[in-house]
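*Asks:* For reference, the file my_file.pdb (PDB, C-alpha atoms and all ligand atoms) is included below:
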ATOM      1  CA  MET A 342      58.327 -49.529 -25.478  1.00  0.00           C
ATOM      2  CA  ASN A 343      62.000 -49.144 -26.512  1.00  0.00           C
ATOM      3  CA  GLU A 344      64.944 -50.971 -24.926  1.00  0.00           C
ATOM      4  CA  LEU A 345      65.880 -48.172 -22.511  1.00  0.00           C
ATOM      5  CA  ASP A 346      62.288 -47.812 -21.299  1.00  0.00           C
ATOM      6  CA  LYS A 347      62.131 -51.555 -20.637  1.00  0.00           C
ATOM      7  CA  LYS A 348      65.431 -51.396 -18.728  1.00  0.00           C
ATOM      8  CA  ARG A 349      64.035 -48.528 -16.652  1.00  0.00           C
ATOM      9  CA  GLN A 350      60.936 -50.612 -15.881  1.00  0.00           C
ATOM     10  CA  ILE A 351      63.096 -53.528 -14.713  1.00  0.00           C
ATOM     11  CA  ILE A 352      65.069 -51.135 -12.473  1.00  0.00           C
ATOM     12  CA  LYS A 353      61.890 -49.567 -11.098  1.00  0.00           C
ATOM     13  CA  TYR A 354      60.368 -52.913 -10.106  1.00  0.00           C
ATOM     14  CA  SER A 355      63.692 -54.309  -8.825  1.00  0.00           C
ATOM     15  CA  GLN A 356      63.928 -51.279  -6.548  1.00  0.00           C
ATOM     16  CA  LEU A 357      60.400 -52.033  -5.311  1.00  0.00           C
ATOM     17  CA  PHE A 358      61.735 -55.444  -4.243  1.00  0.00           C
ATOM     18  CA  SER A 359      63.964 -53.581  -1.786  1.00  0.00           C
ATOM     19  CA  THR A 360      61.871 -50.586  -0.767  1.00  0.00           C
ATOM     20  CA  ASN A 361      58.823 -52.783  -0.076  1.00  0.00           C
ATOM     21  CA  SER A 362      61.010 -55.507   1.496  1.00  0.00           C
ATOM     22  CA  PHE A 363      59.368 -57.810  -1.032  1.00  0.00           C
ATOM     23  CA  SER A 364      62.421 -59.778  -2.166  1.00  0.00           C
ATOM     24  CA  PRO A 365      65.448 -59.174   0.053  1.00  0.00           C
ATOM     25  CA  ILE A 366      68.849 -57.757  -0.929  1.00  0.00           C
ATOM     26  CA  ARG A 367      70.079 -59.491  -4.122  1.00  0.00           C
ATOM     27  CA  SER A 368      67.296 -62.088  -4.399  1.00  0.00           C
ATOM     28  CA  GLY A 369      64.708 -62.411  -7.143  1.00  0.00           C
ATOM     29  CA  ASN A 370      64.866 -61.272 -10.741  1.00  0.00           C
ATOM     30  CA  ILE A 371      62.704 -59.573 -13.335  1.00  0.00           C
ATOM     31  CA  SER A 372      62.591 -59.835 -17.131  1.00  0.00           C
ATOM     32  CA  ILE A 373      60.727 -58.297 -20.066  1.00  0.00           C
ATOM     33  CA  LYS A 374      60.470 -59.826 -23.533  1.00  0.00           C
ATOM     34  CA  HIS A 375      62.444 -57.846 -26.118  1.00  0.00           C
ATOM     35  CA  LYS A 376      63.508 -57.940 -29.740  1.00  0.00           C
ATOM     36  CA  ARG A 377      66.977 -56.462 -30.425  1.00  0.00           C
ATOM     37  CA  LYS A 378      67.271 -55.761 -34.143  1.00  0.00           C
ATOM     38  CA  ASP A 379      66.054 -59.088 -35.541  1.00  0.00           C
ATOM     39  CA  VAL A 380      66.955 -61.179 -32.506  1.00  0.00           C
ATOM     40  CA  GLU A 381      64.132 -62.336 -30.238  1.00  0.00           C
ATOM     41  CA  GLY A 382      64.981 -62.516 -26.548  1.00  0.00           C
ATOM     42  CA  PHE A 383      64.437 -60.776 -23.232  1.00  0.00           C
ATOM     43  CA  LEU A 384      66.006 -58.188 -20.929  1.00  0.00           C
ATOM     44  CA  ILE A 385      66.743 -59.428 -17.405  1.00  0.00           C
ATOM     45  CA  SER A 386      68.247 -58.150 -14.170  1.00  0.00           C
ATOM     46  CA  PRO A 387      71.915 -59.099 -13.626  1.00  0.00           C
ATOM     47  CA  SER A 388      73.484 -61.715 -11.383  1.00  0.00           C
ATOM     48  CA  GLY A 389      74.535 -60.889  -7.830  1.00  0.00           C
ATOM     49  CA  LYS A 390      73.814 -57.153  -7.722  1.00  0.00           C
ATOM     50  CA  LYS A 391      71.754 -55.489  -5.012  1.00  0.00           C
ATOM     51  CA  ASN A 392      68.255 -54.791  -6.345  1.00  0.00           C
ATOM     52  CA  ILE A 393      68.395 -51.233  -5.014  1.00  0.00           C
ATOM     53  CA  GLU A 394      71.639 -50.453  -6.909  1.00  0.00           C
ATOM     54  CA  LEU A 395      70.787 -51.438 -10.500  1.00  0.00           C
ATOM     55  CA  ASN A 396      71.683 -49.196 -13.468  1.00  0.00           C
ATOM     56  CA  ALA A 397      70.497 -49.459 -17.067  1.00  0.00           C
ATOM     57  CA  THR A 398      73.927 -50.814 -18.087  1.00  0.00           C
ATOM     58  CA  ASP A 399      73.494 -53.743 -15.647  1.00  0.00           C
ATOM     59  CA  ILE A 400      70.401 -55.081 -17.418  1.00  0.00           C
ATOM     60  CA  VAL A 401      71.301 -57.966 -19.755  1.00  0.00           C
ATOM     61  CA  PHE A 402      69.833 -59.021 -23.104  1.00  0.00           C
ATOM     62  CA  VAL A 403      69.533 -62.793 -23.490  1.00  0.00           C
ATOM     63  CA  SER A 404      68.535 -64.192 -26.894  1.00  0.00           C
ATOM     64  CA  MET A 405      65.989 -67.004 -27.237  1.00  0.00           C
ATOM     65  CA  SER A 406      68.908 -69.321 -27.988  1.00  0.00           C
ATOM     66  CA  GLY A 407      70.451 -68.355 -24.616  1.00  0.00           C
ATOM     67  CA  GLU A 408      73.253 -66.177 -26.006  1.00  0.00           C
ATOM     68  CA  VAL A 409      74.624 -63.272 -23.989  1.00  0.00           C
ATOM     69  CA  LYS A 410      77.287 -60.642 -24.807  1.00  0.00           C
ATOM     70  CA  LYS A 411      80.732 -61.627 -23.446  1.00  0.00           C
ATOM     71  CA  ASN A 412      81.101 -59.105 -20.615  1.00  0.00           C
ATOM     72  CA  LYS A 413      77.477 -59.430 -19.371  1.00  0.00           C
ATOM     73  CA  THR A 414      76.205 -61.711 -16.620  1.00  0.00           C
ATOM     74  CA  PRO A 415      72.445 -62.226 -16.475  1.00  0.00           C
ATOM     75  CA  SER A 416      70.709 -63.443 -13.326  1.00  0.00           C
ATOM     76  CA  SER A 417      71.831 -66.998 -12.557  1.00  0.00           C
ATOM     77  CA  GLU A 418      68.160 -67.961 -12.926  1.00  0.00           C
ATOM     78  CA  TRP A 419      67.820 -66.723 -16.544  1.00  0.00           C
ATOM     79  CA  ARG A 420      67.105 -70.223 -17.848  1.00  0.00           C
ATOM     80  CA  PHE A 421      63.567 -70.561 -16.545  1.00  0.00           C
ATOM     81  CA  HIS A 422      62.761 -67.087 -17.906  1.00  0.00           C
ATOM     82  CA  LEU A 423      63.854 -68.270 -21.354  1.00  0.00           C
ATOM     83  CA  ASP A 424      61.884 -71.515 -21.110  1.00  0.00           C
ATOM     84  CA  LEU A 425      58.764 -69.713 -19.856  1.00  0.00           C
ATOM     85  CA  TYR A 426      58.863 -67.232 -22.774  1.00  0.00           C
ATOM     86  CA  LYS A 427      59.141 -70.198 -25.141  1.00  0.00           C
ATOM     87  CA  SER A 428      56.158 -72.059 -23.751  1.00  0.00           C
ATOM     88  CA  VAL A 429      53.833 -69.639 -21.917  1.00  0.00           C
ATOM     89  CA  LYS A 430      52.187 -66.620 -23.534  1.00  0.00           C
ATOM     90  CA  CYS A 431      53.575 -63.631 -21.612  1.00  0.00           C
ATOM     91  CA  ASN A 432      55.682 -60.470 -21.971  1.00  0.00           C
ATOM     92  CA  ALA A 433      57.146 -60.201 -18.477  1.00  0.00           C
ATOM     93  CA  ILE A 434      58.236 -62.439 -15.591  1.00  0.00           C
ATOM     94  CA  VAL A 435      58.734 -61.683 -11.907  1.00  0.00           C
ATOM     95  CA  HIS A 436      60.599 -64.081  -9.624  1.00  0.00           C
ATOM     96  CA  ALA A 437      60.714 -63.132  -5.941  1.00  0.00           C
ATOM     97  CA  HIS A 438      61.864 -64.588  -2.642  1.00  0.00           C
ATOM     98  CA  SER A 439      58.968 -62.882  -0.868  1.00  0.00           C
ATOM     99  CA  LYS A 440      58.605 -63.904   2.783  1.00  0.00           C
ATOM    100  CA  PHE A 441      55.384 -65.931   2.860  1.00  0.00           C
ATOM    101  CA  SER A 442      55.898 -67.459  -0.585  1.00  0.00           C
ATOM    102  CA  VAL A 443      59.231 -68.795   0.713  1.00  0.00           C
ATOM    103  CA  ILE A 444      57.661 -70.071   3.949  1.00  0.00           C
ATOM    104  CA  CYS A 445      54.778 -71.785   2.126  1.00  0.00           C
ATOM    105  CA  SER A 446      57.150 -73.203  -0.523  1.00  0.00           C
ATOM    106  CA  CYS A 447      59.018 -74.939   2.318  1.00  0.00           C
ATOM    107  CA  LEU A 448      55.875 -76.236   4.036  1.00  0.00           C
ATOM    108  CA  PHE A 449      53.322 -77.223   1.386  1.00  0.00           C
ATOM    109  CA  LYS A 450      53.046 -79.089  -1.924  1.00  0.00           C
ATOM    110  CA  GLU A 451      50.129 -76.952  -3.089  1.00  0.00           C
ATOM    111  CA  ILE A 452      48.046 -74.010  -1.856  1.00  0.00           C
ATOM    112  CA  PRO A 453      44.458 -75.210  -2.392  1.00  0.00           C
ATOM    113  CA  SER A 454      41.388 -73.103  -3.231  1.00  0.00           C
ATOM    114  CA  PHE A 455      40.945 -71.735   0.315  1.00  0.00           C
ATOM    115  CA  HIS A 456      40.300 -68.236  -1.088  1.00  0.00           C
ATOM    116  CA  TYR A 457      38.598 -67.323  -4.363  1.00  0.00           C
ATOM    117  CA  MET A 458      41.329 -64.780  -5.304  1.00  0.00           C
ATOM    118  CA  ILE A 459      43.590 -67.716  -6.200  1.00  0.00           C
ATOM    119  CA  ALA A 460      41.710 -67.597  -9.513  1.00  0.00           C
ATOM    120  CA  LEU A 461      43.722 -64.461 -10.372  1.00  0.00           C
ATOM    121  CA  ILE A 462      46.519 -66.776 -11.463  1.00  0.00           C
ATOM    122  CA  GLU A 463      43.946 -68.494 -13.711  1.00  0.00           C
ATOM    123  CA  SER A 464      44.134 -71.724 -11.744  1.00  0.00           C
ATOM    124  CA  LYS A 465      42.192 -73.361  -8.899  1.00  0.00           C
ATOM    125  CA  SER A 466      45.292 -73.702  -6.733  1.00  0.00           C
ATOM    126  CA  ILE A 467      48.821 -72.365  -6.437  1.00  0.00           C
ATOM    127  CA  LYS A 468      51.053 -75.256  -7.397  1.00  0.00           C
ATOM    128  CA  VAL A 469      54.554 -75.749  -6.033  1.00  0.00           C
ATOM    129  CA  ALA A 470      57.289 -76.681  -8.529  1.00  0.00           C
ATOM    130  CA  LYS A 471      59.517 -79.484  -7.242  1.00  0.00           C
ATOM    131  CA  TYR A 472      62.863 -78.512  -5.778  1.00  0.00           C
ATOM    132  CA  ALA A 473      65.988 -78.521  -7.960  1.00  0.00           C
ATOM    133  CA  LEU A 474      69.236 -76.537  -7.928  1.00  0.00           C
ATOM    134  CA  TYR A 475      68.670 -72.838  -8.676  1.00  0.00           C
ATOM    135  CA  GLY A 476      69.452 -71.917 -12.280  1.00  0.00           C
ATOM    136  CA  SER A 477      69.418 -75.568 -13.395  1.00  0.00           C
ATOM    137  CA  LYS A 478      67.650 -77.073 -16.425  1.00  0.00           C
ATOM    138  CA  LYS A 479      65.907 -79.435 -14.036  1.00  0.00           C
ATOM    139  CA  LEU A 480      64.410 -76.541 -12.058  1.00  0.00           C
ATOM    140  CA  SER A 481      63.257 -74.890 -15.264  1.00  0.00           C
ATOM    141  CA  LYS A 482      61.529 -78.145 -16.288  1.00  0.00           C
ATOM    142  CA  ASN A 483      59.855 -78.419 -12.872  1.00  0.00           C
ATOM    143  CA  ILE A 484      58.575 -74.829 -13.124  1.00  0.00           C
ATOM    144  CA  LEU A 485      57.195 -75.377 -16.639  1.00  0.00           C
ATOM    145  CA  GLU A 486      55.306 -78.437 -15.441  1.00  0.00           C
ATOM    146  CA  VAL A 487      53.231 -76.393 -12.975  1.00  0.00           C
ATOM    147  CA  MET A 488      52.961 -73.214 -15.098  1.00  0.00           C
ATOM    148  CA  LYS A 489      51.297 -74.797 -18.143  1.00  0.00           C
ATOM    149  CA  ASN A 490      47.824 -73.606 -17.139  1.00  0.00           C
ATOM    150  CA  SER A 491      48.666 -70.922 -14.650  1.00  0.00           C
ATOM    151  CA  LYS A 492      50.147 -67.446 -14.355  1.00  0.00           C
ATOM    152  CA  GLY A 493      51.926 -68.127 -11.076  1.00  0.00           C
ATOM    153  CA  CYS A 494      53.479 -70.807  -8.885  1.00  0.00           C
ATOM    154  CA  LEU A 495      55.719 -71.381  -5.908  1.00  0.00           C
ATOM    155  CA  ILE A 496      59.110 -73.080  -6.237  1.00  0.00           C
ATOM    156  CA  SER A 497      59.813 -75.591  -3.476  1.00  0.00           C
ATOM    157  CA  ASN A 498      62.206 -74.304  -0.776  1.00  0.00           C
ATOM    158  CA  HIS A 499      62.823 -71.189  -2.847  1.00  0.00           C
ATOM    159  CA  GLY A 500      60.118 -68.591  -3.648  1.00  0.00           C
ATOM    160  CA  GLN A 501      57.576 -67.689  -6.326  1.00  0.00           C
ATOM    161  CA  VAL A 502      57.221 -66.917 -10.056  1.00  0.00           C
ATOM    162  CA  THR A 503      54.491 -64.965 -11.880  1.00  0.00           C
ATOM    163  CA  VAL A 504      54.009 -63.977 -15.519  1.00  0.00           C
ATOM    164  CA  GLY A 505      51.992 -61.192 -17.162  1.00  0.00           C
ATOM    165  CA  ASP A 506      51.244 -59.302 -20.349  1.00  0.00           C
ATOM    166  CA  SER A 507      53.200 -56.448 -18.777  1.00  0.00           C
ATOM    167  CA  ILE A 508      55.694 -56.062 -15.956  1.00  0.00           C
ATOM    168  CA  GLY A 509      53.037 -54.209 -13.947  1.00  0.00           C
ATOM    169  CA  GLU A 510      50.642 -57.138 -14.263  1.00  0.00           C
ATOM    170  CA  ALA A 511      53.282 -59.741 -13.345  1.00  0.00           C
ATOM    171  CA  TYR A 512      54.399 -57.686 -10.318  1.00  0.00           C
ATOM    172  CA  GLU A 513      50.832 -57.159  -9.095  1.00  0.00           C
ATOM    173  CA  LEU A 514      50.229 -60.895  -9.398  1.00  0.00           C
ATOM    174  CA  ALA A 515      53.379 -61.558  -7.350  1.00  0.00           C
ATOM    175  CA  GLU A 516      51.968 -59.291  -4.625  1.00  0.00           C
ATOM    176  CA  GLU A 517      48.656 -61.191  -4.739  1.00  0.00           C
ATOM    177  CA  VAL A 518      50.441 -64.557  -4.500  1.00  0.00           C
ATOM    178  CA  GLU A 519      52.422 -63.275  -1.505  1.00  0.00           C
ATOM    179  CA  LEU A 520      49.233 -62.143   0.273  1.00  0.00           C
ATOM    180  CA  LEU A 521      47.481 -65.454  -0.418  1.00  0.00           C
ATOM    181  CA  CYS A 522      50.493 -67.311   1.007  1.00  0.00           C
ATOM    182  CA  GLU A 523      50.382 -65.122   4.115  1.00  0.00           C
ATOM    183  CA  TYR A 524      46.652 -65.819   4.620  1.00  0.00           C
ATOM    184  CA  TYR A 525      47.126 -69.542   4.051  1.00  0.00           C
ATOM    185  CA  TYR A 526      50.059 -69.753   6.458  1.00  0.00           C
ATOM    186  CA  HIS A 527      48.041 -68.108   9.225  1.00  0.00           C
ATOM    187  CA  CYS A 528      44.983 -70.265   8.538  1.00  0.00           C
ATOM    188  CA  LYS A 529      47.122 -73.391   8.777  1.00  0.00           C
ATOM    189  CA  LEU A 530      48.574 -72.296  12.129  1.00  0.00           C
ATOM    190  CA  TYR A 531      45.071 -72.582  13.518  1.00  0.00           C
ATOM    191  CA  LYS A 532      43.669 -75.508  11.500  1.00  0.00           C
ATOM    192  CA  ASP A 533      43.012 -76.684   7.938  1.00  0.00           C
ATOM    193  CA  PRO A 534      40.941 -73.938   6.302  1.00  0.00           C
ATOM    194  CA  LYS A 535      37.627 -74.612   4.581  1.00  0.00           C
ATOM    195  CA  ILE A 536      38.110 -75.230   0.866  1.00  0.00           C
ATOM    196  CA  ILE A 537      35.984 -73.787  -1.957  1.00  0.00           C
ATOM    197  CA  SER A 538      34.531 -76.587  -4.141  1.00  0.00           C
ATOM    198  CA  THR A 539      35.764 -77.157  -7.701  1.00  0.00           C
ATOM    199  CA  LYS A 540      32.303 -76.214  -8.989  1.00  0.00           C
ATOM    200  CA  GLU A 541      32.385 -72.877  -7.174  1.00  0.00           C
ATOM    201  CA  MET A 542      35.993 -72.207  -8.253  1.00  0.00           C
ATOM    202  CA  ASN A 543      35.001 -72.804 -11.871  1.00  0.00           C
ATOM    203  CA  LYS A 544      32.368 -70.079 -11.478  1.00  0.00           C
ATOM    204  CA  VAL A 545      35.003 -67.715 -10.048  1.00  0.00           C
ATOM    205  CA  LEU A 546      37.440 -68.489 -12.866  1.00  0.00           C
ATOM    206  CA  GLU A 547      34.791 -67.807 -15.491  1.00  0.00           C
ATOM    207  CA  LYS A 548      33.805 -64.536 -13.821  1.00  0.00           C
ATOM    208  CA  ILE A 549      37.410 -63.327 -13.393  1.00  0.00           C
ATOM    209  CA  LEU A 550      38.406 -64.189 -16.977  1.00  0.00           C
ATOM    210  CA  ASN A 551      35.340 -62.407 -18.374  1.00  0.00           C
ATOM    211  CA  TYR A 552      36.035 -59.411 -16.152  1.00  0.00           C
ATOM    212  CA  LYS A 553      39.605 -59.206 -17.471  1.00  0.00           C
ATOM    213  CA  LYS A 554      38.437 -59.192 -21.087  1.00  0.00           C
ATOM    214  CA  LYS A 555      36.353 -56.021 -20.519  1.00  0.00           C
TER     215      LYS A 555
HETATM  216 ZN    ZN B   1      65.477 -67.369  -6.784  1.00  0.00          ZN
END
Before we go any further, please render this structure as structure tokens.
Ligand SMILES: [Zn+2]
*Replies:*
Amino acid sequence: MNELDKKRQIIKYSQLFSTNSFSPIRSGNISIKHKRKDVEGFLISPSGKKNIELNATDIVFVSMSGEVKKNKTPSSEWRFHLDLYKSVKCNAIVHAHSKFSVICSCLFKEIPSFHYMIALIESKSIKVAKYALYGSKKLSKNILEVMKNSKGCLISNHGQVTVGDSIGEAYELAEEVELLCEYYYHCKLYKDPKIISTKEMNKVLEKILNYKKK
């Protein structure tokens, strides 16, 4: 995919944030790994613009050393995108302030294995990265800590992050995480839900990973 196609993909999925009321107004950000000439980096949505109003010229290239062209302003949360590309194998990242991910990130320290579909993020639970100031190095470090063996997490008092081989995969995972958070929230309103055992979750993980390879 060339640079313009990747920019169009970022715009398409940023617009879905708005049209699906998935991540409100200017919140959330999306990036795709990209090599410009010989410089490795990624393309990311800009800072402070409404997701519904993005143009190709708004999308910013950030190099793996964190350099940006003078007149460009990437999302204020670009740092954890950079750190995730450096340490997790992925080609795209979706960060959203989706409703139930935000609610659960404020209420819980972890979403346990109450539903087998949690295995989609290749983990037995959805972990919650500790709170730190948005865009800070500290927050990036906290996110990396919980994303080492997982394709998704919540960020305390903030929202969620997912990664994927493609933007489509990362976005779909973000939708799955949001649904799981919604289910968990409603379960908890009633009582603590039953939890699937580690042994059973290992079986699910094995089955899901094999299924993906086909
Ligand atoms: Zn955010």
*Asks:* Check which residues satisfy the PyMOL selection byres (((not hetatm)) within 8 of (chain B and resi 1)) in the file shown, then give them as a PyMOL selection string.
*Replies:* chain A and resi 368-370+418+436-438+475+499-501
*Asks:* Mind pulling up the distance from atom CA of A:Cys445 to atom CA of A:Cys522?
*Replies:*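 Those two atoms sit 6.3 Å apart.
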*Asks:* From the options A:Cys528, A:Ile508, A:Leu448, A:Ala473, which residue's atoms come nearest to A:Ile373, counting all atoms listed in the file?
*Replies:*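 Checking each of A:Cys528, A:Ile508, A:Leu448, A:Ala473 against A:Ile373, counting all atoms listed in the file, the winner is A:Ile508.
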*Asks:* Distance atom CA of A:Phe449-atom CA of A:Lys540, one decimal place?
*Replies:* 23.5 Å
*Asks:* Can you tell me how far atom CA of A:Asn392 sits from atom CA of A:Arg349, in Å to one decimal?
*Replies:*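 Going from atom CA of A:Asn392 over to atom CA of A:Arg349 covers 12.8 Å.
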*Asks:* Taking 4 positions as the minimum chain separation for residues in the same chain, which residues sit within 7 Å of stretch 514-521 of chain A when counting all atoms listed in the file? Answer as a list in words.
*Replies:*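 In the requested form, the answer reads Ser439, Phe441, Ser442, Thr503, Glu510 and Tyr525 of chain A.
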*Asks:* For each of A:Ile366, A:Ile385, A:Leu550, A:Ile393, take the minimum atom-to-atom distance to A:Ile434, counting all atoms listed in the file, then give the residue where this is smallest.
*Replies:*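 Between A:Ile366, A:Ile385, A:Leu550, A:Ile393, the residue approaching A:Ile434 most closely is A:Ile385.
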*Asks:* If I wrap all listed atoms of stretch 374-387 of chain A in a box with edges along x, y and z and add 3 Å on each side, what are its centre and edge lengths in Å to one decimal, as JSON?
*Replies:*
{"center_x": 66.2, "center_y": -59.1, "center_z": -24.6, "size_x": 17.4, "size_y": 12.8, "size_z": 27.9}
*Asks:* Convert the output of the PyMOL selection byres (((chain A and resi 504) around 9) and not hetatm) on the shown file into explicit residues, formatted as a PDB file with C-alpha atoms, keeping the file's coordinate frame.
*Replies:*
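For reference, result.pdb as written:
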ATOM      1  CA  LEU A 425      58.764 -69.713 -19.856  1.00  0.00           C
ATOM      2  CA  VAL A 429      53.833 -69.639 -21.917  1.00  0.00           C
ATOM      3  CA  LYS A 430      52.187 -66.620 -23.534  1.00  0.00           C
ATOM      4  CA  CYS A 431      53.575 -63.631 -21.612  1.00  0.00           C
ATOM      5  CA  ASN A 432      55.682 -60.470 -21.971  1.00  0.00           C
ATOM      6  CA  ALA A 433      57.146 -60.201 -18.477  1.00  0.00           C
ATOM      7  CA  ILE A 434      58.236 -62.439 -15.591  1.00  0.00           C
ATOM      8  CA  VAL A 435      58.734 -61.683 -11.907  1.00  0.00           C
ATOM      9  CA  HIS A 436      60.599 -64.081  -9.624  1.00  0.00           C
ATOM     10  CA  ILE A 462      46.519 -66.776 -11.463  1.00  0.00           C
ATOM     11  CA  SER A 491      48.666 -70.922 -14.650  1.00  0.00           C
ATOM     12  CA  LYS A 492      50.147 -67.446 -14.355  1.00  0.00           C
ATOM     13  CA  GLY A 493      51.926 -68.127 -11.076  1.00  0.00           C
ATOM     14  CA  VAL A 502      57.221 -66.917 -10.056  1.00  0.00           C
ATOM     15  CA  THR A 503      54.491 -64.965 -11.880  1.00  0.00           C
ATOM     16  CA  GLY A 505      51.992 -61.192 -17.162  1.00  0.00           C
ATOM     17  CA  ASP A 506      51.244 -59.302 -20.349  1.00  0.00           C
ATOM     18  CA  SER A 507      53.200 -56.448 -18.777  1.00  0.00           C
ATOM     19  CA  ILE A 508      55.694 -56.062 -15.956  1.00  0.00           C
ATOM     20  CA  GLU A 510      50.642 -57.138 -14.263  1.00  0.00           C
ATOM     21  CA  ALA A 511      53.282 -59.741 -13.345  1.00  0.00           C
ATOM     22  CA  TYR A 512      54.399 -57.686 -10.318  1.00  0.00           C
ATOM     23  CA  LEU A 514      50.229 -60.895  -9.398  1.00  0.00           C
ATOM     24  CA  ALA A 515      53.379 -61.558  -7.350  1.00  0.00           C
TER      25      ALA A 515
END
*Asks:* Give me, as a list in words, all polymer residues having an atom no more than 8 Å from A:Ile351, counting all atoms listed in the file and skipping those fewer than 3 positions away in the same chain.
*Replies:*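 Here the qualifying residues turn out to be Lys347, Lys348, Tyr354, Ser355, Ile371, Ser372, Ile373, Ile385, Ser386, Ile400 and Ile508 of chain A.
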*Asks:* Find, counting all atoms listed in the file, the residue in A:Thr360, A:Lys353, A:Glu547, A:Asn412 that gets nearest to A:Glu463.
*Replies:*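 Selected residue with least distance to A:Glu463: A:Glu547.
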*Asks:* Can you tell me, as a list in words, what residues are no more than 9 Å from A:Met542 when counting only C-alpha atoms, ignoring any on the same chain fewer than 2 positions away?
*Replies:*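 Surrounding residues, per the criterion: Ser454, Tyr457, Ala460, Ser464, Lys465, Ile537, Ser538, Thr539, Lys540, Lys544, Val545, Leu546 and Glu547 of chain A.
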*Asks:* Go through A:Asp424, A:Glu451, A:Asp533, A:Glu523 and flag the residue nearest A:Gly476, using all atoms listed in the file for the distances.
*Replies:*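 Of A:Asp424, A:Glu451, A:Asp533, A:Glu523, the one nearest A:Gly476, counting all atoms listed in the file, is A:Asp424.
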*Asks:* Taking the file as I've supplied it (selection: the PyMOL selection byres (((chain A and resi 413) around 10) and not hetatm)), which residues are included? Please answer as a list in words.
*Replies:*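 For this structure, the PyMOL selection byres (((chain A and resi 413) around 10) and not hetatm) resolves to Pro387, Ser388, Thr398, Asp399, Ile400, Val401, Phe402, Val403, Val409, Lys410, Lys411, Asn412, Thr414, Pro415 and Ser416 of chain A.
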*Asks:* For A:Cys447, which residue among A:Met488, A:Leu495, A:Leu474, A:Ile467 is the nearest when counting only C-alpha atoms?
*Replies:*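 The shortest atom-to-atom distance to A:Cys447 comes from A:Leu495.
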*Asks:* Complete stretch 406-417 of chain A with N, CA and C atoms (output as an mmCIF file, in the coordinates of the input).
*Replies:*
data_model
loop_
_atom_site.group_PDB
_atom_site.id
_atom_site.type_symbol
_atom_site.label_atom_id
_atom_site.label_comp_id
_atom_site.auth_asym_id
_atom_site.auth_seq_id
_atom_site.Cartn_x
_atom_site.Cartn_y
_atom_site.Cartn_z
ATOM 1 N N SER A 406 68.042 -68.134 -27.956
ATOM 2 C CA SER A 406 68.908 -69.321 -27.988
ATOM 3 C C SER A 406 69.873 -69.314 -26.803
ATOM 4 N N GLY A 407 69.663 -68.380 -25.846
ATOM 5 C CA GLY A 407 70.451 -68.355 -24.616
ATOM 6 C C GLY A 407 71.793 -67.666 -24.743
ATOM 7 N N GLU A 408 71.965 -66.874 -25.833
ATOM 8 C CA GLU A 408 73.253 -66.177 -26.006
ATOM 9 C C GLU A 408 73.256 -64.829 -25.297
ATOM 10 N N VAL A 409 74.444 -64.513 -24.747
ATOM 11 C CA VAL A 409 74.624 -63.272 -23.989
ATOM 12 C C VAL A 409 75.941 -62.646 -24.435
ATOM 13 N N LYS A 410 76.023 -61.311 -24.472
ATOM 14 C CA LYS A 410 77.287 -60.642 -24.807
ATOM 15 C C LYS A 410 78.356 -61.020 -23.786
ATOM 16 N N LYS A 411 79.611 -61.123 -24.257
ATOM 17 C CA LYS A 411 80.732 -61.627 -23.446
ATOM 18 C C LYS A 411 80.844 -61.046 -22.028
ATOM 19 N N ASN A 412 80.821 -59.719 -21.922
ATOM 20 C CA ASN A 412 81.101 -59.105 -20.615
ATOM 21 C C ASN A 412 79.848 -58.950 -19.736
ATOM 22 N N LYS A 413 78.732 -59.576 -20.133
ATOM 23 C CA LYS A 413 77.477 -59.430 -19.371
ATOM 24 C C LYS A 413 77.149 -60.709 -18.604
ATOM 25 N N THR A 414 76.602 -60.544 -17.411
ATOM 26 C CA THR A 414 76.205 -61.711 -16.620
ATOM 27 C C THR A 414 74.749 -61.579 -16.193
ATOM 28 N N PRO A 415 73.857 -62.301 -16.873
ATOM 29 C CA PRO A 415 72.445 -62.226 -16.475
ATOM 30 C C PRO A 415 72.228 -62.941 -15.148
ATOM 31 N N SER A 416 71.085 -62.707 -14.540
ATOM 32 C CA SER A 416 70.709 -63.443 -13.326
ATOM 33 C C SER A 416 70.998 -64.929 -13.518
ATOM 34 N N SER A 417 71.507 -65.568 -12.463
ATOM 35 C CA SER A 417 71.831 -66.998 -12.557
ATOM 36 C C SER A 417 70.581 -67.830 -12.851
#
